[in-house]
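> Structure in structure tokens, see below.
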Amino acid sequence: MAFENLTSRFQMALRRVSGKAKLNISDIDEMMREVRLSLLEADVNYKVVKEFTEEVKQQAYGEKILKGLNPGQQVVKIVNDELTKLMGEKTVELNIKAEGMTVMLMVGLQGAGKTTSAGKLANYVRKTNNKKPLLVAADIYRPAAIEQLQTVGQQLDIAVFEMGKTKPEKIVKEALAYAKKEGFDLIIIDTAGRLHVDQAMMEEIKNIEEIAKPDEVLLTVDAMTGQDAVNVAKSFHEALTLTGCILTKLDGDTRGGAALSIRKITDVPIKFSGTGEKLTDIEVFHPERMASRILGMGDVMSLVEKATAEIDEDEAMNMMEKMMSGKFNYDDLLKQMKMIKRMGKFSGLLKMLPGMSSMANMDKVDDKQLNFIEAIIGSMTKDERKKPELIERSSSRRNRISRGSGRSTTEVNRLITTLEKQKKMMKRFQGINPETMQNAQNQSPTAMPGMMPGLGGTNPFQAKESRAMRRNKKKK
Amino acid sequence: MGLFQNLFQSKEKKLKAEKFKIGMMKTRKGPLSSLKDVLTNSKKIDDDLFLKLEEIFIMADIGVDTVVEFIENLREAVKREKIEKPIQLENKIVDKMFELYLKDEIINTNIRYNHDGLTVILFVGVNGTGKTTSIGKLAYKIKAEGKSVMLAAGDTFRAGAINQLKVFGERVDVPVVAKEAGSDPSSVIFDAIRKAKEEHTDVLLIDTAGRLQNKVNLMNELNKINRIIKREINAEVYETYLVIDATTGQNGLSQAKIFSEVTDITGIILTKLDGTAKGGIVLAIRNKLGIPISFVGMGEKITDLEYFDIEDYIYGLFADFFE
């Protein structure tokens, strides 16, 4: 995809800069060109990008940078810092009254995810603030919109107020009276999707705002929105007083530059993000994380700071020694997994280094799998972690670990096999000089040259795959 | 006179294009209407002008890569043809935009009906783009052409989706095959195809749940749906429309790319073009992946779905050229 190209182009530019002792103006210009394209690819509004890159340039031209010891680091840091500043540095909380009724109004374009977000939010605030929520169905236009809200309400066991196709203004008025009478103290009003240029519909939402006097007016915005996000947010903010945004569908592969544009142009904070299909998939929005996602450089920052730092090399060397000595235990395995995971994130950049292209496959160790392993190892006693043979010998220990970690005994057994295999592999490498070893690893597609000997094929999550692969080979 | 302006000499053509213009009326007040201003107010063709043009196209969501390529082509043309006055770029831009979309091909985006039996049309896309609504509109259109239509409620996931489709079924007066919420979409589709065949229905429109293209499980589910349809209608070819929201930015490209890895996307339905968004990403999709646009949705009414016409679309984008 185009965006990957841009990311790697930026990283190339970064590398050129990183290698230098000093930054000159053309270096900064070059990097800013890449930053600009990258932000545009992320759907950040053109005008916002223009201002942003100008500001950063001004900063980077400053003496501080040119005199700096590690200029590349500083430029990335400035870009990232400025972006974070723009996004808003802190999470902005919802306005929820401690006593009495809190009213929230959900607004937005069609298909942004208002109804789903209304349900998610009701459930979330019910839990965090111990409120009694009521969902109000004020979308009388889209077919089955009321039913959709009712279903969501049922799934969450939250009451839904509806009056069929009555005028929305009336529904809201009645809903508030009903809530007062029945003791609901969190009212979330779901409204119809509307185009910001539809005058009649914008008039309607203004009336609803007047009646409901909401504590929160939340604009629901699809994270995939392009350049138009600014027009939408501006128009809604002019008609109503927006107090926040909910950024939906952030679990997609979009970089969500719309978030930055909205923040910059309207100054309305993004308060929540929708991160999945389940009704519990809502998160408090963290602007600083969003900054690096939009920049698309993910871990460039941490890479600059950590990956090249000696600490990793030390860690890797220790690990290697451990492995070579045959005393490899579960503590080491866990450490190794974490190292791979960390490296996996950097695969994009490492790909560009000579001999590192094989790293591309490394990001297969995802959080979930690592969590499972962590759970299993976490359920072992300290002794068991240090002496793997304890578990190998005792099925009751294995059963206990399985129960404790919530993973199946098969998974526990697979982990045991993994450790065993790894140890065996180590023995084979003993006595081979480092140079030959490196060659041997390069044969294996998942090996990490010079860092983690013999890892290829011994990853428990790849064990399954390789069995299947062997089967296929046999067939042939 | 450019190729493009000639196209709008016929009155009939112009009348049809007016519809697009109205649909995109508010749209024109956006960045692209400043195109003429930029060209009129620039004294010479220089880097500054190209940068302004780049801004205009990017603001229309045409996509960074495609815009960069487009500007590059334009620069070359200026050099080759020794164009000097900015206003002369007017025709050039429209013509180039045309070339970008047509790519020397004759694009026929009419529905390819299976004249010997059932025609199946599958609707796919991410959440909230307007799949169900587009089905309602297309059902209306096909029925108006004198064909019998059936709908299949393959979105068994989203709350209220089945009922939403049923409401459209009633409105257009066509049968809807549905099972209860949460059932396997493939089995609904299987039943619907059987039923459509039994009843000698001409066209079956299949709704599916919205799915983000990076959700592997959901894309596998779509793959299964695709297999079932192919098996049941004994045909390699049927229409699969990817529904894209006009407000979508660069992610539209990723949607088109990944969805077409799983199904054979034969066309795009561009929805919500009645807002201020231009849906320019479809030009990037056509440019990068070759997928044409089949229909555009431009309003809330059941009649608000039009066959896509690149001439009309570009006319909508550049309407102030013709006033």
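In the structure tokens, each chain is lettered A, B, ... as it comes, each chain's residues begin at 1, and ligands are numbered from 1 in order of appearance.
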Which chain A residues have any atom within 8 Å of an atom of chain B, and for each, what is the nearest pair of atoms with distance in Å to one decimal, counting only C-alpha atoms, rows sorted by chain and number, as a tab-separated table?


residue	atom	partner	partner_atom	distance
A:Met1	CA	B:Ser254	CA	7.4
A:Ala2	CA	B:Asp65	CA	7.1
A:Leu37	CA	B:Val64	CA	7.3
A:Leu40	CA	B:Val64	CA	6.8
A:Glu41	CA	B:Val64	CA	6.1
A:Ala42	CA	B:Gln250	CA	6.9
A:Asp43	CA	B:Gly249	CA	6.0
A:Asn45	CA	B:Met59	CA	7.4
A:Tyr46	CA	B:Met59	CA	6.6
A:Gln110	CA	B:Gly128	CA	7.3
A:Gly111	CA	B:Gly128	CA	3.8
A:Ala112	CA	B:Gly128	CA	6.2
A:Gly113	CA	B:Gly128	CA	6.9
A:Arg142	CA	B:Gln164	CA	8.0
A:Pro143	CA	B:Gln164	CA	5.0
A:Ala144	CA	B:Gln164	CA	4.8
A:Ala145	CA	B:Gly160	CA	6.7
A:Glu147	CA	B:Gly160	CA	5.5
A:Gln148	CA	B:Gly160	CA	4.1
A:Leu149	CA	B:Ala159	CA	7.6
A:Thr151	CA	B:Ala159	CA	5.8
A:Val152	CA	B:Ala159	CA	6.7
A:Leu195	CA	B:Gly275	CA	6.1
A:His196	CA	B:Gly275	CA	7.5
A:Val197	CA	B:Gly275	CA	6.6
A:Met224	CA	B:Thr248	CA	5.6
A:Thr225	CA	B:Thr248	CA	4.5
A:Gly226	CA	B:Gly249	CA	3.4
A:Gln227	CA	B:Met59	CA	5.5
A:Asp228	CA	B:Ala277	CA	5.4
A:Ala229	CA	B:Thr247	CA	7.7
A:Asn231	CA	B:Thr276	CA	7.5
A:Lys249	CA	B:Leu212	CA	8.0
A:Asp251	CA	B:Leu212	CA	8.0
A:Gly252	CA	B:Leu212	CA	5.7
A:Asp253	CA	B:Asn214	CA	6.3
A:Thr254	CA	B:Asn251	CA	5.6

> Go ahead and write the residues just picked, N, CA and C atoms, as a compact mmCIF listing (two decimals), in the first residue's frame.


# COMPACT_ATOMS: atom_id res chain seq x y z
N MET A 1 0.83 -1.21 0.00
CA MET A 1 0.00 0.00 0.00
C MET A 1 0.86 1.26 0.00
N ALA A 2 0.23 2.26 -0.49
CA ALA A 2 0.94 3.52 -0.64
C ALA A 2 1.53 3.99 0.69
N LEU A 37 3.72 14.43 3.37
CA LEU A 37 3.04 13.40 2.59
C LEU A 37 2.41 12.35 3.50
N LEU A 40 -0.71 13.69 4.97
CA LEU A 40 -1.78 13.76 3.97
C LEU A 40 -2.34 12.38 3.70
N GLU A 41 -1.46 11.40 3.65
CA GLU A 41 -1.90 10.02 3.45
C GLU A 41 -2.77 9.55 4.61
N ALA A 42 -2.57 10.15 5.76
CA ALA A 42 -3.36 9.77 6.94
C ALA A 42 -4.68 10.53 6.99
N ASP A 43 -4.97 11.31 5.94
CA ASP A 43 -6.21 12.09 5.86
C ASP A 43 -6.23 13.31 6.77
N ASN A 45 -6.23 17.07 7.34
CA ASN A 45 -6.63 18.13 6.44
C ASN A 45 -5.42 18.89 5.88
N TYR A 46 -5.53 19.19 4.58
CA TYR A 46 -4.42 19.82 3.87
C TYR A 46 -3.92 21.09 4.57
N GLN A 110 -24.75 10.17 8.71
CA GLN A 110 -25.28 8.82 8.60
C GLN A 110 -24.14 7.79 8.61
N GLY A 111 -24.37 6.70 9.32
CA GLY A 111 -23.42 5.59 9.26
C GLY A 111 -22.15 5.79 10.05
N ALA A 112 -22.08 6.84 10.87
CA ALA A 112 -20.85 7.08 11.63
C ALA A 112 -20.76 6.12 12.81
N GLY A 113 -21.92 5.66 13.28
CA GLY A 113 -21.92 4.72 14.40
C GLY A 113 -22.53 5.30 15.68
N ARG A 142 -34.51 6.65 9.75
CA ARG A 142 -33.94 5.45 9.13
C ARG A 142 -34.78 4.24 9.51
N PRO A 143 -35.11 3.41 8.51
CA PRO A 143 -35.90 2.22 8.82
C PRO A 143 -35.20 1.37 9.88
N ALA A 144 -35.96 0.93 10.85
CA ALA A 144 -35.48 0.02 11.90
C ALA A 144 -34.43 0.60 12.84
N ALA A 145 -34.26 1.92 12.82
CA ALA A 145 -33.27 2.53 13.72
C ALA A 145 -33.70 2.35 15.18
N GLU A 147 -35.54 -0.02 16.36
CA GLU A 147 -35.35 -1.43 16.71
C GLU A 147 -33.88 -1.72 16.99
N GLN A 148 -33.00 -1.10 16.21
CA GLN A 148 -31.57 -1.31 16.43
C GLN A 148 -31.18 -0.89 17.85
N LEU A 149 -31.68 0.28 18.27
CA LEU A 149 -31.36 0.76 19.61
C LEU A 149 -31.97 -0.16 20.67
N THR A 151 -32.52 -3.35 20.39
CA THR A 151 -31.72 -4.57 20.45
C THR A 151 -30.45 -4.33 21.26
N VAL A 152 -29.81 -3.20 20.99
CA VAL A 152 -28.60 -2.85 21.74
C VAL A 152 -28.94 -2.75 23.24
N LEU A 195 -26.91 15.12 7.29
CA LEU A 195 -25.85 15.85 6.62
C LEU A 195 -25.77 17.24 7.21
N HIS A 196 -24.56 17.71 7.42
CA HIS A 196 -24.38 19.04 8.01
C HIS A 196 -24.90 20.15 7.12
N VAL A 197 -25.22 19.83 5.86
CA VAL A 197 -25.74 20.86 4.95
C VAL A 197 -27.26 20.79 4.81
N MET A 224 -12.40 6.84 9.47
CA MET A 224 -11.92 6.75 8.08
C MET A 224 -12.23 7.99 7.27
N THR A 225 -12.88 8.99 7.89
CA THR A 225 -13.27 10.18 7.15
C THR A 225 -12.07 10.89 6.55
N GLY A 226 -12.27 11.40 5.35
CA GLY A 226 -11.19 12.08 4.65
C GLY A 226 -11.16 13.57 4.92
N GLN A 227 -10.82 14.34 3.90
CA GLN A 227 -10.64 15.78 4.03
C GLN A 227 -11.90 16.49 4.52
N ASP A 228 -13.06 15.89 4.27
CA ASP A 228 -14.32 16.56 4.60
C ASP A 228 -14.60 16.62 6.10
N ALA A 229 -13.84 15.89 6.89
CA ALA A 229 -14.08 15.85 8.35
C ALA A 229 -14.16 17.25 8.94
N ASN A 231 -15.13 20.09 7.44
CA ASN A 231 -16.41 20.73 7.12
C ASN A 231 -17.51 20.23 8.03
N LYS A 249 -14.78 3.13 14.69
CA LYS A 249 -14.14 2.22 13.72
C LYS A 249 -12.61 2.36 13.73
N ASP A 251 -10.71 0.43 15.05
CA ASP A 251 -10.08 -0.88 14.98
C ASP A 251 -9.76 -1.27 13.54
N GLY A 252 -10.10 -0.40 12.60
CA GLY A 252 -9.73 -0.66 11.21
C GLY A 252 -8.28 -0.31 10.97
N ASP A 253 -7.87 -0.32 9.68
CA ASP A 253 -6.47 -0.03 9.41
C ASP A 253 -6.26 1.42 9.00
N THR A 254 -7.25 2.25 9.30
CA THR A 254 -7.12 3.66 8.97
C THR A 254 -6.19 4.34 9.97

> Suppose you want the space between CA of Val262 in chain B and CA of Leu151 in chain B; what is it in Å?

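Value for the CA of Val262 in chain B-CA of Leu151 in chain B distance: 22.3 Å.
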
> Might you pull out every residue within 7 Å of range 199-209 of chain B, with only C-alpha atoms counted and same-chain residues fewer than 6 positions away left off, and present them as number ranges by chain?

B: 117-124, 131-132, 135, 147-158

> List as a ChimeraX atom specification the protein and nucleic acid residues near Lys224 in chain B, meaning an atom at most 12 Å away when only C-alpha atoms are counted, but skip any in the same chain fewer than 3 places from it.

/B:184-187,189-190,217-221,227-231,262-263

> Could you turn the residues from that selection into a file that holds N, CA and C atoms, as a PDB file, in the first residue's frame?


ATOM      1  N   ASP B 184     -26.200 -17.999  10.643  1.00  0.00           N
ATOM      2  CA  ASP B 184     -25.073 -18.001   9.715  1.00  0.00           C
ATOM      3  C   ASP B 184     -25.488 -17.332   8.400  1.00  0.00           C
ATOM      4  N   PRO B 185     -24.789 -16.262   8.016  1.00  0.00           N
ATOM      5  CA  PRO B 185     -25.188 -15.556   6.803  1.00  0.00           C
ATOM      6  C   PRO B 185     -25.163 -16.460   5.559  1.00  0.00           C
ATOM      7  N   SER B 186     -24.202 -17.387   5.520  1.00  0.00           N
ATOM      8  CA  SER B 186     -24.115 -18.261   4.356  1.00  0.00           C
ATOM      9  C   SER B 186     -25.386 -19.083   4.183  1.00  0.00           C
ATOM     10  N   SER B 187     -25.970 -19.493   5.296  1.00  0.00           N
ATOM     11  CA  SER B 187     -27.165 -20.317   5.189  1.00  0.00           C
ATOM     12  C   SER B 187     -28.362 -19.494   4.724  1.00  0.00           C
ATOM     13  N   ILE B 189     -28.091 -16.996   2.692  1.00  0.00           N
ATOM     14  CA  ILE B 189     -27.837 -16.765   1.274  1.00  0.00           C
ATOM     15  C   ILE B 189     -28.144 -18.018   0.455  1.00  0.00           C
ATOM     16  N   PHE B 190     -27.739 -19.152   1.017  1.00  0.00           N
ATOM     17  CA  PHE B 190     -28.031 -20.436   0.378  1.00  0.00           C
ATOM     18  C   PHE B 190     -29.541 -20.578   0.158  1.00  0.00           C
ATOM     19  N   ASN B 217     -11.286 -12.776  10.449  1.00  0.00           N
ATOM     20  CA  ASN B 217     -12.417 -13.706  10.572  1.00  0.00           C
ATOM     21  C   ASN B 217     -13.595 -13.295   9.698  1.00  0.00           C
ATOM     22  N   LEU B 218     -13.869 -12.003   9.716  1.00  0.00           N
ATOM     23  CA  LEU B 218     -15.008 -11.515   8.946  1.00  0.00           C
ATOM     24  C   LEU B 218     -14.741 -11.619   7.448  1.00  0.00           C
ATOM     25  N   MET B 219     -13.495 -11.443   7.067  1.00  0.00           N
ATOM     26  CA  MET B 219     -13.171 -11.573   5.653  1.00  0.00           C
ATOM     27  C   MET B 219     -13.237 -13.044   5.230  1.00  0.00           C
ATOM     28  N   ASN B 220     -12.901 -13.934   6.150  1.00  0.00           N
ATOM     29  CA  ASN B 220     -13.051 -15.363   5.856  1.00  0.00           C
ATOM     30  C   ASN B 220     -14.518 -15.717   5.669  1.00  0.00           C
ATOM     31  N   GLU B 221     -15.351 -15.109   6.507  1.00  0.00           N
ATOM     32  CA  GLU B 221     -16.787 -15.338   6.376  1.00  0.00           C
ATOM     33  C   GLU B 221     -17.267 -14.905   4.989  1.00  0.00           C
ATOM     34  N   ARG B 227     -17.964 -18.318  -1.993  1.00  0.00           N
ATOM     35  CA  ARG B 227     -17.889 -19.708  -2.488  1.00  0.00           C
ATOM     36  C   ARG B 227     -19.288 -20.290  -2.676  1.00  0.00           C
ATOM     37  N   ILE B 228     -20.141 -20.041  -1.683  1.00  0.00           N
ATOM     38  CA  ILE B 228     -21.495 -20.592  -1.746  1.00  0.00           C
ATOM     39  C   ILE B 228     -22.246 -20.052  -2.955  1.00  0.00           C
ATOM     40  N   ILE B 229     -22.115 -18.753  -3.170  1.00  0.00           N
ATOM     41  CA  ILE B 229     -22.824 -18.162  -4.312  1.00  0.00           C
ATOM     42  C   ILE B 229     -22.322 -18.783  -5.614  1.00  0.00           C
ATOM     43  N   LYS B 230     -21.004 -18.860  -5.738  1.00  0.00           N
ATOM     44  CA  LYS B 230     -20.425 -19.410  -6.966  1.00  0.00           C
ATOM     45  C   LYS B 230     -20.918 -20.830  -7.207  1.00  0.00           C
ATOM     46  N   ARG B 231     -20.954 -21.592  -6.132  1.00  0.00           N
ATOM     47  CA  ARG B 231     -21.366 -22.989  -6.266  1.00  0.00           C
ATOM     48  C   ARG B 231     -22.842 -23.073  -6.651  1.00  0.00           C
ATOM     49  N   VAL B 262     -10.583 -10.857  -1.623  1.00  0.00           N
ATOM     50  CA  VAL B 262     -11.477 -11.913  -1.134  1.00  0.00           C
ATOM     51  C   VAL B 262     -12.620 -12.191  -2.116  1.00  0.00           C
ATOM     52  N   THR B 263     -13.161 -11.137  -2.692  1.00  0.00           N
ATOM     53  CA  THR B 263     -14.239 -11.311  -3.675  1.00  0.00           C
ATOM     54  C   THR B 263     -13.834 -10.591  -4.949  1.00  0.00           C
TER      55      THR B 263
END

> Name the residues of range 129-261 of chain B that come out as strand (DSSP E or B) in a backbone DSSP run; write them as a list in words.

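For range 129-261 of chain B, the strand (DSSP E or B) set is Val149, Met150, Leu151, Ala152, Ala153, Gly154, Val176, Val177, Val203, Leu204, Leu205, Ile206, Asp207, Thr208, Glu239, Thr240, Tyr241, Leu242, Val243, Ile244, Asp245 and Thr248 of chain B.
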
> Could you please take those selected residues and save N, CA and C atoms as a PDB file, in the first residue's frame?


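Output (part_24.pdb):
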ATOM      1  N   VAL B 149     -37.490  -9.005  -8.440  1.00  0.00           N
ATOM      2  CA  VAL B 149     -36.360  -8.838  -7.523  1.00  0.00           C
ATOM      3  C   VAL B 149     -36.647  -9.529  -6.195  1.00  0.00           C
ATOM      4  N   MET B 150     -35.602 -10.092  -5.596  1.00  0.00           N
ATOM      5  CA  MET B 150     -35.713 -10.660  -4.255  1.00  0.00           C
ATOM      6  C   MET B 150     -34.523 -10.156  -3.442  1.00  0.00           C
ATOM      7  N   LEU B 151     -34.730  -9.971  -2.128  1.00  0.00           N
ATOM      8  CA  LEU B 151     -33.633  -9.509  -1.270  1.00  0.00           C
ATOM      9  C   LEU B 151     -33.261 -10.604  -0.271  1.00  0.00           C
ATOM     10  N   ALA B 152     -31.989 -10.706   0.044  1.00  0.00           N
ATOM     11  CA  ALA B 152     -31.533 -11.674   1.043  1.00  0.00           C
ATOM     12  C   ALA B 152     -30.895 -10.922   2.204  1.00  0.00           C
ATOM     13  N   ALA B 153     -31.389 -11.158   3.416  1.00  0.00           N
ATOM     14  CA  ALA B 153     -30.897 -10.440   4.603  1.00  0.00           C
ATOM     15  C   ALA B 153     -29.652 -11.134   5.161  1.00  0.00           C
ATOM     16  N   GLY B 154     -28.536 -10.929   4.493  1.00  0.00           N
ATOM     17  CA  GLY B 154     -27.287 -11.594   4.890  1.00  0.00           C
ATOM     18  C   GLY B 154     -26.555 -10.878   6.015  1.00  0.00           C
ATOM     19  N   VAL B 176     -38.421 -10.648   0.802  1.00  0.00           N
ATOM     20  CA  VAL B 176     -37.138 -10.655   1.511  1.00  0.00           C
ATOM     21  C   VAL B 176     -36.952 -12.019   2.167  1.00  0.00           C
ATOM     22  N   VAL B 177     -35.823 -12.654   1.916  1.00  0.00           N
ATOM     23  CA  VAL B 177     -35.522 -13.912   2.584  1.00  0.00           C
ATOM     24  C   VAL B 177     -34.653 -13.604   3.802  1.00  0.00           C
ATOM     25  N   VAL B 203     -33.577 -11.224 -10.357  1.00  0.00           N
ATOM     26  CA  VAL B 203     -32.396 -10.662  -9.694  1.00  0.00           C
ATOM     27  C   VAL B 203     -32.489 -10.835  -8.174  1.00  0.00           C
ATOM     28  N   LEU B 204     -31.412 -11.340  -7.583  1.00  0.00           N
ATOM     29  CA  LEU B 204     -31.344 -11.473  -6.127  1.00  0.00           C
ATOM     30  C   LEU B 204     -30.282 -10.513  -5.592  1.00  0.00           C
ATOM     31  N   LEU B 205     -30.694  -9.623  -4.701  1.00  0.00           N
ATOM     32  CA  LEU B 205     -29.740  -8.685  -4.096  1.00  0.00           C
ATOM     33  C   LEU B 205     -29.412  -9.155  -2.681  1.00  0.00           C
ATOM     34  N   ILE B 206     -28.130  -9.339  -2.410  1.00  0.00           N
ATOM     35  CA  ILE B 206     -27.728  -9.910  -1.124  1.00  0.00           C
ATOM     36  C   ILE B 206     -27.033  -8.878  -0.245  1.00  0.00           C
ATOM     37  N   ASP B 207     -27.591  -8.663   0.922  1.00  0.00           N
ATOM     38  CA  ASP B 207     -26.999  -7.750   1.902  1.00  0.00           C
ATOM     39  C   ASP B 207     -26.003  -8.537   2.753  1.00  0.00           C
ATOM     40  N   THR B 208     -24.936  -7.897   3.171  1.00  0.00           N
ATOM     41  CA  THR B 208     -23.997  -8.551   4.099  1.00  0.00           C
ATOM     42  C   THR B 208     -23.685  -7.579   5.234  1.00  0.00           C
ATOM     43  N   GLU B 239     -22.308 -10.022 -10.016  1.00  0.00           N
ATOM     44  CA  GLU B 239     -21.856  -8.692  -9.614  1.00  0.00           C
ATOM     45  C   GLU B 239     -21.586  -8.647  -8.110  1.00  0.00           C
ATOM     46  N   THR B 240     -20.460  -8.079  -7.756  1.00  0.00           N
ATOM     47  CA  THR B 240     -20.191  -7.800  -6.352  1.00  0.00           C
ATOM     48  C   THR B 240     -19.877  -6.313  -6.242  1.00  0.00           C
ATOM     49  N   TYR B 241     -20.733  -5.601  -5.552  1.00  0.00           N
ATOM     50  CA  TYR B 241     -20.512  -4.168  -5.407  1.00  0.00           C
ATOM     51  C   TYR B 241     -19.915  -3.840  -4.045  1.00  0.00           C
ATOM     52  N   LEU B 242     -18.852  -3.079  -4.093  1.00  0.00           N
ATOM     53  CA  LEU B 242     -18.262  -2.558  -2.858  1.00  0.00           C
ATOM     54  C   LEU B 242     -18.884  -1.186  -2.611  1.00  0.00           C
ATOM     55  N   VAL B 243     -19.511  -1.045  -1.451  1.00  0.00           N
ATOM     56  CA  VAL B 243     -20.173   0.220  -1.158  1.00  0.00           C
ATOM     57  C   VAL B 243     -19.210   1.112  -0.370  1.00  0.00           C
ATOM     58  N   ILE B 244     -18.938   2.275  -0.911  1.00  0.00           N
ATOM     59  CA  ILE B 244     -17.995   3.206  -0.274  1.00  0.00           C
ATOM     60  C   ILE B 244     -18.684   4.544  -0.003  1.00  0.00           C
ATOM     61  N   ASP B 245     -18.483   5.021   1.199  1.00  0.00           N
ATOM     62  CA  ASP B 245     -19.019   6.295   1.652  1.00  0.00           C
ATOM     63  C   ASP B 245     -18.174   7.432   1.065  1.00  0.00           C
ATOM     64  N   THR B 248     -15.293   8.991   2.883  1.00  0.00           N
ATOM     65  CA  THR B 248     -14.101   8.194   3.182  1.00  0.00           C
ATOM     66  C   THR B 248     -12.850   8.805   2.565  1.00  0.00           C
TER      67      THR B 248
END

> Between A:Asp139, A:Glu30, A:Glu204, A:Glu384, which one has atoms that come closest to Arg398 in chain A, using only C-alpha atoms?

A:Glu384

> Using Å and a single decimal, report how far CA of Ala233 in chain A sits from CA of Ile262 in chain A.

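Taking CA of Ile262 in chain A as the start and CA of Ala233 in chain A as the end point, the length is 6.3 Å.
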